[in-house]
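Structure below is structure.cif: mmCIF, C-alpha atoms and all ligand atoms.
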data_query
#
loop_
_atom_site.label_atom_id
_atom_site.label_comp_id
_atom_site.auth_asym_id
_atom_site.auth_seq_id
_atom_site.Cartn_x
_atom_site.Cartn_y
_atom_site.Cartn_z
CA MET C 1 42.04 39.67 -19.80
CA ILE C 2 41.65 36.03 -20.61
CA GLN C 3 42.49 35.34 -24.20
CA LEU C 4 40.08 33.14 -26.04
CA TYR C 5 40.28 30.61 -28.74
CA ILE C 6 37.07 31.22 -30.63
CA PRO C 7 35.80 29.09 -33.47
CA LEU C 8 33.74 31.68 -35.28
CA ASN C 9 30.61 29.69 -35.77
CA PHE C 10 30.29 29.39 -32.03
CA LEU C 11 30.84 33.01 -31.18
CA GLY C 12 27.20 33.55 -30.27
CA VAL C 13 27.17 30.75 -27.73
CA LEU C 14 30.47 31.88 -26.34
CA TYR C 15 29.29 35.41 -25.94
CA ARG C 16 26.31 34.43 -23.89
CA GLU C 17 28.16 31.84 -21.86
CA ILE C 18 30.82 34.34 -20.95
CA LYS C 19 28.37 37.09 -20.24
CA GLN C 20 26.95 35.03 -17.44
CA SER C 21 30.15 34.98 -15.47
CA LEU C 22 32.78 37.34 -16.85
CA THR C 23 31.26 40.72 -17.46
CA ASP C 24 34.68 42.31 -17.98
CA LEU C 25 34.81 40.55 -21.32
CA ASP C 26 31.81 42.47 -22.59
CA LYS C 27 33.99 45.02 -24.35
CA MET C 28 35.60 42.30 -26.36
CA PHE C 29 32.26 41.52 -27.91
CA ALA C 30 31.12 45.07 -28.47
CA LEU C 31 31.30 44.52 -32.20
CA LEU C 32 28.79 41.74 -32.10
CA ASP C 33 25.31 42.50 -33.28
CA LYS C 34 23.25 42.43 -30.13
CA GLU C 35 20.17 43.97 -31.64
CA ARG C 36 18.20 40.76 -31.71
CA GLU C 37 19.20 39.50 -28.33
CA VAL C 38 16.34 38.17 -26.34
CA ALA C 39 15.54 39.77 -23.02
CA ASP C 40 13.70 38.56 -19.95
CA ALA C 41 10.00 39.38 -19.99
CA PRO C 42 9.11 41.84 -17.17
CA ASP C 43 7.17 39.11 -15.37
CA ALA C 44 9.65 36.30 -16.16
CA GLN C 45 9.73 33.53 -13.57
CA PRO C 46 12.46 30.99 -12.94
CA LEU C 47 11.93 27.75 -14.83
CA ARG C 48 10.29 25.22 -12.50
CA LEU C 49 11.59 21.71 -12.91
CA ASP C 50 11.05 18.46 -11.10
CA ALA C 51 13.26 15.77 -12.52
CA ALA C 52 13.77 15.53 -16.28
CA PRO C 53 11.16 17.75 -17.97
CA ASP C 54 9.43 17.17 -21.28
CA ILE C 55 10.08 19.59 -24.15
CA ARG C 56 7.56 20.56 -26.80
CA PHE C 57 8.03 22.40 -30.05
CA GLU C 58 4.51 23.45 -31.04
CA ASP C 59 4.07 24.70 -34.61
CA VAL C 60 7.33 26.66 -34.35
CA ARG C 61 7.88 29.26 -37.05
CA PHE C 62 11.08 31.20 -37.34
CA GLY C 63 13.22 33.39 -39.60
CA TYR C 64 16.51 35.16 -38.89
CA GLU C 65 15.61 37.82 -41.41
CA ARG C 66 12.45 39.61 -42.46
CA ASP C 67 11.79 37.91 -45.75
CA ARG C 68 13.22 34.48 -45.28
CA ASP C 69 11.46 31.91 -43.16
CA ILE C 70 13.67 29.07 -41.97
CA LEU C 71 11.14 27.00 -39.97
CA HIS C 72 7.60 26.68 -41.29
CA GLY C 73 5.67 25.19 -38.37
CA VAL C 74 7.73 22.48 -36.70
CA SER C 75 6.15 20.31 -34.00
CA PHE C 76 7.61 17.51 -31.93
CA THR C 77 7.83 16.38 -28.31
CA ILE C 78 10.81 15.08 -26.40
CA PRO C 79 9.29 13.08 -23.54
CA ALA C 80 10.97 13.45 -20.13
CA GLY C 81 14.29 11.64 -20.05
CA LYS C 82 14.17 10.61 -23.73
CA THR C 83 16.26 11.52 -26.77
CA VAL C 84 14.92 12.99 -29.98
CA ALA C 85 17.27 13.35 -32.93
CA VAL C 86 16.87 15.77 -35.81
CA VAL C 87 18.40 14.84 -39.16
CA GLY C 88 18.18 16.33 -42.62
CA PRO C 89 20.21 18.00 -45.34
CA SER C 90 22.55 20.88 -44.73
CA GLY C 91 20.65 24.14 -44.24
CA ALA C 92 17.38 22.39 -43.28
CA GLY C 93 17.23 24.29 -39.98
CA LYS C 94 18.50 21.63 -37.56
CA SER C 95 20.92 23.79 -35.55
CA THR C 96 18.32 26.55 -35.58
CA LEU C 97 16.08 24.31 -33.44
CA ALA C 98 18.87 24.03 -30.87
CA ARG C 99 19.43 27.81 -30.90
CA LEU C 100 15.73 28.40 -30.29
CA LEU C 101 15.62 25.94 -27.41
CA TYR C 102 18.55 27.68 -25.72
CA ARG C 103 16.75 30.90 -26.55
CA PHE C 104 19.45 32.65 -28.52
CA TYR C 105 16.48 33.74 -30.58
CA ASP C 106 12.76 33.82 -29.99
CA VAL C 107 10.26 32.07 -32.22
CA GLY C 108 8.74 34.23 -34.96
CA ARG C 109 10.61 36.55 -37.29
CA PRO C 110 11.66 40.18 -37.37
CA GLY C 111 9.02 42.57 -38.57
CA ALA C 112 6.15 40.08 -38.12
CA GLY C 113 2.70 41.48 -37.42
CA PRO C 114 1.19 40.99 -33.95
CA HIS C 115 -1.25 38.34 -35.17
CA GLU C 116 1.20 36.31 -37.20
CA PRO C 117 1.50 32.81 -35.69
CA THR C 118 4.88 31.98 -34.17
CA GLY C 119 4.18 28.76 -32.29
CA ARG C 120 5.95 28.15 -29.01
CA ILE C 121 8.50 26.03 -27.20
CA THR C 122 7.68 24.73 -23.75
CA ILE C 123 9.74 22.99 -21.09
CA ALA C 124 7.68 21.16 -18.46
CA GLY C 125 4.68 23.11 -19.75
CA GLN C 126 6.31 26.55 -19.41
CA ASP C 127 6.71 28.73 -22.50
CA ILE C 128 10.44 29.51 -22.56
CA ARG C 129 9.70 33.15 -23.42
CA HIS C 130 8.17 33.51 -19.96
CA VAL C 131 11.04 32.15 -17.88
CA THR C 132 14.29 33.85 -16.91
CA GLN C 133 17.18 33.21 -19.26
CA ASP C 134 19.43 32.47 -16.37
CA SER C 135 17.25 29.62 -15.09
CA LEU C 136 16.73 28.33 -18.64
CA ARG C 137 20.44 28.17 -19.38
CA ARG C 138 21.26 26.60 -16.06
CA ALA C 139 18.86 23.79 -16.93
CA ILE C 140 20.47 23.06 -20.31
CA GLY C 141 23.88 21.61 -21.08
CA ILE C 142 25.22 21.97 -24.59
CA VAL C 143 27.85 19.80 -26.17
CA PRO C 144 28.47 22.04 -29.16
CA GLN C 145 29.79 21.33 -32.64
CA ASP C 146 32.98 23.10 -31.92
CA THR C 147 33.99 23.45 -28.31
CA VAL C 148 35.32 26.74 -27.08
CA LEU C 149 38.53 26.41 -25.10
CA PHE C 150 39.82 29.20 -22.91
CA ASN C 151 43.53 29.96 -22.91
CA ASP C 152 43.86 28.56 -19.45
CA THR C 153 44.58 25.22 -17.84
CA ILE C 154 42.74 22.12 -18.90
CA GLU C 155 41.37 21.90 -15.37
CA TYR C 156 39.93 25.41 -15.62
CA ASN C 157 38.33 24.44 -18.90
CA ILE C 158 36.64 21.41 -17.35
CA LEU C 159 35.58 23.26 -14.19
CA TYR C 160 33.95 25.92 -16.34
CA GLY C 161 30.95 23.55 -16.31
CA ARG C 162 30.60 24.28 -12.57
CA PRO C 163 33.19 26.68 -11.20
CA ASP C 164 32.46 25.80 -7.55
CA ALA C 165 33.65 22.21 -8.13
CA GLY C 166 37.20 21.19 -7.17
CA HIS C 167 40.09 19.21 -8.60
CA ASP C 168 38.73 15.80 -7.58
CA GLU C 169 35.44 16.46 -9.33
CA ALA C 170 37.28 17.64 -12.46
CA VAL C 171 39.20 14.35 -12.45
CA ARG C 172 36.02 12.33 -11.97
CA ALA C 173 34.33 14.11 -14.88
CA ALA C 174 37.44 13.71 -17.05
CA ARG C 175 37.53 9.98 -16.29
CA ALA C 176 33.86 9.59 -17.24
CA ALA C 177 34.50 11.52 -20.47
CA HIS C 178 37.57 9.34 -21.17
CA ILE C 179 40.00 12.22 -21.32
CA HIS C 180 41.69 11.63 -17.97
CA ASP C 181 44.40 9.26 -19.27
CA PHE C 182 45.32 11.72 -21.99
CA ILE C 183 45.58 14.56 -19.44
CA ALA C 184 47.52 12.45 -16.95
CA ARG C 185 50.17 11.73 -19.59
CA LEU C 186 50.85 15.43 -20.20
CA PRO C 187 53.95 16.72 -18.35
CA LYS C 188 51.91 19.31 -16.46
CA GLY C 189 48.78 17.18 -16.25
CA TYR C 190 45.66 19.15 -15.33
CA GLN C 191 47.71 22.35 -15.17
CA THR C 192 48.62 22.18 -18.87
CA LEU C 193 47.71 25.33 -20.74
CA VAL C 194 45.37 24.73 -23.67
CA GLY C 195 43.76 26.89 -26.32
CA GLU C 196 45.35 29.13 -28.90
CA ARG C 197 48.48 29.81 -26.90
CA GLY C 198 48.84 26.43 -25.29
CA LEU C 199 48.40 22.84 -26.26
CA LYS C 200 46.12 22.40 -29.25
CA LEU C 201 43.57 19.66 -28.76
CA SER C 202 42.07 17.57 -31.53
CA GLY C 203 38.35 17.77 -32.35
CA GLY C 204 37.69 14.58 -30.39
CA GLU C 205 39.66 15.77 -27.36
CA LYS C 206 37.83 19.07 -27.35
CA GLN C 207 34.50 17.30 -27.48
CA ARG C 208 35.54 15.19 -24.53
CA VAL C 209 36.35 18.35 -22.58
CA ALA C 210 32.83 19.56 -23.45
CA ILE C 211 31.38 16.26 -22.25
CA ALA C 212 33.35 16.54 -18.99
CA ARG C 213 32.03 20.10 -18.51
CA THR C 214 28.49 18.90 -19.10
CA LEU C 215 28.92 16.00 -16.68
CA LEU C 216 29.97 18.48 -14.01
CA LYS C 217 27.08 20.79 -14.77
CA ASP C 218 24.67 17.83 -14.64
CA PRO C 219 21.71 19.63 -16.22
CA PRO C 220 18.32 17.93 -16.73
CA ILE C 221 18.29 18.93 -20.43
CA LEU C 222 21.00 18.22 -22.95
CA ILE C 223 21.61 19.54 -26.45
CA PHE C 224 24.16 17.67 -28.48
CA ASP C 225 25.03 19.46 -31.69
CA GLU C 226 27.05 16.86 -33.50
CA ALA C 227 30.28 18.02 -35.07
CA THR C 228 29.96 18.71 -38.78
CA SER C 229 33.65 18.01 -39.30
CA ALA C 230 34.03 14.25 -39.20
CA LEU C 231 36.09 12.64 -36.49
CA ASP C 232 37.79 9.39 -37.38
CA SER C 233 35.36 6.53 -36.92
CA ALA C 234 37.01 5.04 -33.80
CA ASN C 235 36.93 8.43 -32.11
CA GLU C 236 33.37 8.99 -33.21
CA ARG C 237 32.15 5.68 -31.83
CA ALA C 238 33.89 6.39 -28.52
CA ILE C 239 32.34 9.87 -28.25
CA GLN C 240 28.92 8.43 -29.00
CA ALA C 241 29.28 5.87 -26.25
CA GLU C 242 30.27 8.61 -23.81
CA LEU C 243 27.36 10.72 -24.89
CA ARG C 244 24.88 7.95 -24.40
CA GLN C 245 26.21 7.74 -20.87
CA VAL C 246 25.76 11.48 -20.28
CA ALA C 247 22.30 11.53 -21.88
CA ARG C 248 20.89 8.73 -19.75
CA ASP C 249 17.77 10.00 -17.94
CA LYS C 250 18.16 13.48 -19.43
CA THR C 251 15.77 15.06 -21.91
CA THR C 252 18.03 15.27 -24.94
CA LEU C 253 17.90 16.96 -28.34
CA VAL C 254 20.50 15.61 -30.75
CA ILE C 255 21.22 17.65 -33.85
CA ALA C 256 22.71 15.03 -36.12
CA HIS C 257 24.65 16.31 -39.08
CA ARG C 258 25.47 12.71 -39.87
CA LEU C 259 23.19 9.81 -38.94
CA SER C 260 25.59 7.99 -36.68
CA THR C 261 24.20 9.24 -33.38
CA VAL C 262 20.53 8.64 -33.97
CA VAL C 263 19.95 4.90 -34.10
CA ASP C 264 18.85 4.61 -30.46
CA ALA C 265 16.77 7.79 -30.35
CA HIS C 266 13.21 7.58 -29.03
CA GLU C 267 12.15 9.44 -32.17
CA ILE C 268 13.96 10.72 -35.26
CA ILE C 269 12.68 13.85 -36.95
CA VAL C 270 13.61 14.33 -40.60
CA LEU C 271 13.70 18.04 -41.39
CA GLU C 272 13.83 19.43 -44.92
CA GLN C 273 13.68 23.12 -45.73
CA GLY C 274 12.23 23.88 -42.33
CA ARG C 275 9.49 21.24 -42.41
CA VAL C 276 9.17 17.84 -40.76
CA VAL C 277 8.91 15.40 -43.66
CA GLU C 278 9.23 12.12 -41.73
CA ARG C 279 9.29 10.96 -38.14
CA GLY C 280 9.67 7.66 -36.33
CA THR C 281 12.22 5.30 -34.84
CA HIS C 282 15.23 4.17 -36.85
CA ALA C 283 13.55 0.81 -37.59
CA GLU C 284 10.24 2.43 -38.57
CA LEU C 285 11.93 4.90 -40.88
CA LEU C 286 14.05 2.22 -42.54
CA ALA C 287 10.93 0.12 -43.07
CA ALA C 288 9.10 3.12 -44.54
CA GLY C 289 11.73 3.31 -47.30
CA GLY C 290 11.53 7.11 -47.58
CA ARG C 291 13.97 9.99 -47.18
CA TYR C 292 15.61 8.63 -44.04
CA ALA C 293 16.13 5.19 -45.57
CA GLN C 294 17.79 6.84 -48.59
CA MET C 295 20.05 8.96 -46.39
CA TRP C 296 20.96 5.91 -44.33
CA ALA C 297 21.85 3.85 -47.41
CA LEU C 298 23.96 6.69 -48.75
CA GLN C 299 25.81 7.05 -45.48
CA GLN C 300 26.46 3.32 -45.20
CA ASN C 301 28.02 3.37 -48.67
CA THR C 302 30.20 6.33 -47.77
CA ALA C 303 31.29 4.69 -44.52
CA GLU C 304 32.25 1.51 -46.37
CA GLN C 305 34.23 3.49 -48.89
CA GLU C 306 36.01 5.35 -46.10
CA ASP C 307 36.87 2.03 -44.46
CA GLY C 308 38.57 1.03 -47.68
CA HIS C 309 36.03 -1.52 -48.93
CA GLN C 310 34.93 -1.65 -52.51
CA VAL C 311 31.30 -0.79 -52.99
CA ALA C 312 29.55 -2.39 -55.96
P1 LIG Y 1 24.07 22.02 -41.29
O1 LIG Y 1 23.75 20.57 -41.23
O2 LIG Y 1 24.78 22.40 -42.54
O3 LIG Y 1 24.72 22.57 -40.06
P2 LIG Y 1 21.44 23.01 -40.42
O4 LIG Y 1 20.29 22.15 -40.84
O5 LIG Y 1 21.89 22.88 -39.01
O6 LIG Y 1 22.64 22.79 -41.43
P3 LIG Y 1 20.94 25.78 -39.79
O7 LIG Y 1 22.29 26.11 -39.26
O8 LIG Y 1 19.83 25.62 -38.83
O9 LIG Y 1 21.02 24.50 -40.75
O10 LIG Y 1 20.58 26.89 -40.86
C1 LIG Y 1 19.31 26.93 -41.54
C2 LIG Y 1 19.30 28.10 -42.48
O11 LIG Y 1 19.36 29.32 -41.74
C3 LIG Y 1 20.46 28.15 -43.46
O12 LIG Y 1 19.97 28.48 -44.73
C4 LIG Y 1 21.36 29.23 -42.95
O13 LIG Y 1 21.98 29.90 -44.00
C5 LIG Y 1 20.38 30.16 -42.23
N1 LIG Y 1 21.03 30.81 -41.08
C6 LIG Y 1 21.67 30.19 -40.07
N2 LIG Y 1 22.11 31.10 -39.16
C7 LIG Y 1 21.75 32.32 -39.62
C8 LIG Y 1 21.91 33.65 -39.15
N3 LIG Y 1 22.54 33.90 -38.00
N4 LIG Y 1 21.42 34.65 -39.90
C9 LIG Y 1 20.78 34.41 -41.07
N5 LIG Y 1 20.59 33.17 -41.57
C10 LIG Y 1 21.06 32.13 -40.86
#
Serialized structure, structure tokens:
Amino acid sequence: MIQLYIPLNFLGVLYREIKQSLTDLDKMFALLDKEREVADAPDAQPLRLDAAPDIRFEDVRFGYERDRDILHGVSFTIPAGKTVAVVGPSGAGKSTLARLLYRFYDVGRPGAGPHEPTGRITIAGQDIRHVTQDSLRRAIGIVPQDTVLFNDTIEYNILYGRPDAGHDEAVRAARAAHIHDFIARLPKGYQTLVGERGLKLSGGEKQRVAIARTLLKDPPILIFDEATSALDSANERAIQAELRQVARDKTTLVIAHRLSTVVDAHEIIVLEQGRVVERGTHAELLAAGGRYAQMWALQQNTAEQEDGHQVA
């Protein structure tokens, strides 16, 4: 059985990703709580997509547990081919939005009555509860906070984005994700073993592998869940540039744990305790002088301090 290097906070994603292709690994995850897993509706249809679809969160309400609501009616639209970024303090519910879009959970909360409002999420006008999970997940590429690497070759790890692709395509994707030169310098190149038992990659290198995977998958929808652990600023700027490249023409949801990735977003949503408290472009929100402007000022100060400058 393939051994896995599993950052724990990503176990859920990993489980579902693996389940799609490697059913023999099911046993390994038998201990996971599968009670709340979503299932296809009996009349589920494949998601119908033209080019890049629009995505709508309409009054979305959600709680993981019975008595604790996490999202209290969140609404926003990501127009086709545009990027919307969600920012806000830790615990606001940002990553939860990404989990709902990928349908790890359904909107609503456990134990809710039949008439309790849940809101809905649509992609190209289709409620995601009414489409097959398989078609939904094929349409979405995730660059997660913490990339899962299999204990296998680096090439295998890149091709995982689209297993029918070959070596040349893996190289092309690695070049576009700016990880090719690093791989080429390794003694065994693309055949180098990575993961827990092989070469350990840095956070930035792992994210580049995830970007290469996503480039190969070439989905119309992208979720970028920014790493909570800071990369050094040079690495971070480089990753952002690569991501902008990947996100071009795709409908993209950026979960920004810092503010560095959001400046160019079509719209920025400021989430606090499960509610949208501000929305607008970077310039509009700075001009408004509210929560976002405060967060931005705070982050600029921190960045200057990290760069070794004195802040008055
Ligand atoms: P951060 O920036 O720190 O990652 P976030 O805004 O992305 O925070 P979420 O991960 O969406 O926050 O979490 C929102 C709230 O939901 C938190 O209070 C968290 O404790 C809770 N939560 C997250 N996952 C679960 C879960 N699986 N079961 C129960 N509660 C959860």
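Shortest separation to Ile179 of chain C among C:Asp164, C:Asp54, C:Glu155, C:Glu272 occurs at residue C:Glu155, atoms counted being all atoms listed in the file.
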Can you work out which residues are within 7 Å of ligand LIG 1 (chain Y), considering only C-alpha atoms and all ligand atoms, and then hand them over as number ranges by chain? C: 64-65, 70, 88-97, 228, 257
Extract, using all atoms listed in the file, all DNA, RNA and protein residues at most 10 Å from segment 128-137 of chain C, discarding same-chain residues fewer than 3 positions from it, and format them as a VMD selection string. chain C and resid 16 to 17 20 38 to 49 100 to 107 120 to 125 140 to 142 219 221
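Closest approach to Lys200 of chain C from the set C:Thr214, C:Gln240, C:Thr153, C:Thr83 is made by C:Thr153, with distances taken over only C-alpha atoms.
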Excluding Tyr156 of chain C and any residue of its chain fewer than 6 positions from it, enumerate the residues within 10 Å of it, using only C-alpha atoms, and give them as a VMD selection string. chain C and resid 149 to 150 162 to 163 166 to 167 170 190 to 194 213
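Proximity ranking of C:Leu201, C:Gly63, C:Leu222, C:Gly111 relative to Val148 of chain C places C:Leu201 first, based on all atoms listed in the file.
Closest approach to Phe57 of chain C among C:Gln300, C:Thr281, C:Ser260, C:Thr118: C:Thr118, based on all atoms listed in the file.
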Measure the distance from atom CA of Ala288 of chain C to atom CA of Gln245 of chain C in Å and round it to one decimal. 29.6 Å
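Relative to atom CA of His266 of chain C, atom CA of Asp50 of chain C is found at 21.1 Å.
Computed from the coordinates, the atom CA of Asn301 of chain C to atom CA of Leu259 of chain C distance equals 12.6 Å.
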Which residue of C:Gly203, C:Gly274, C:Pro220, C:Gly289 approaches Gly73 of chain C most closely, using only C-alpha atoms: C:Gly274
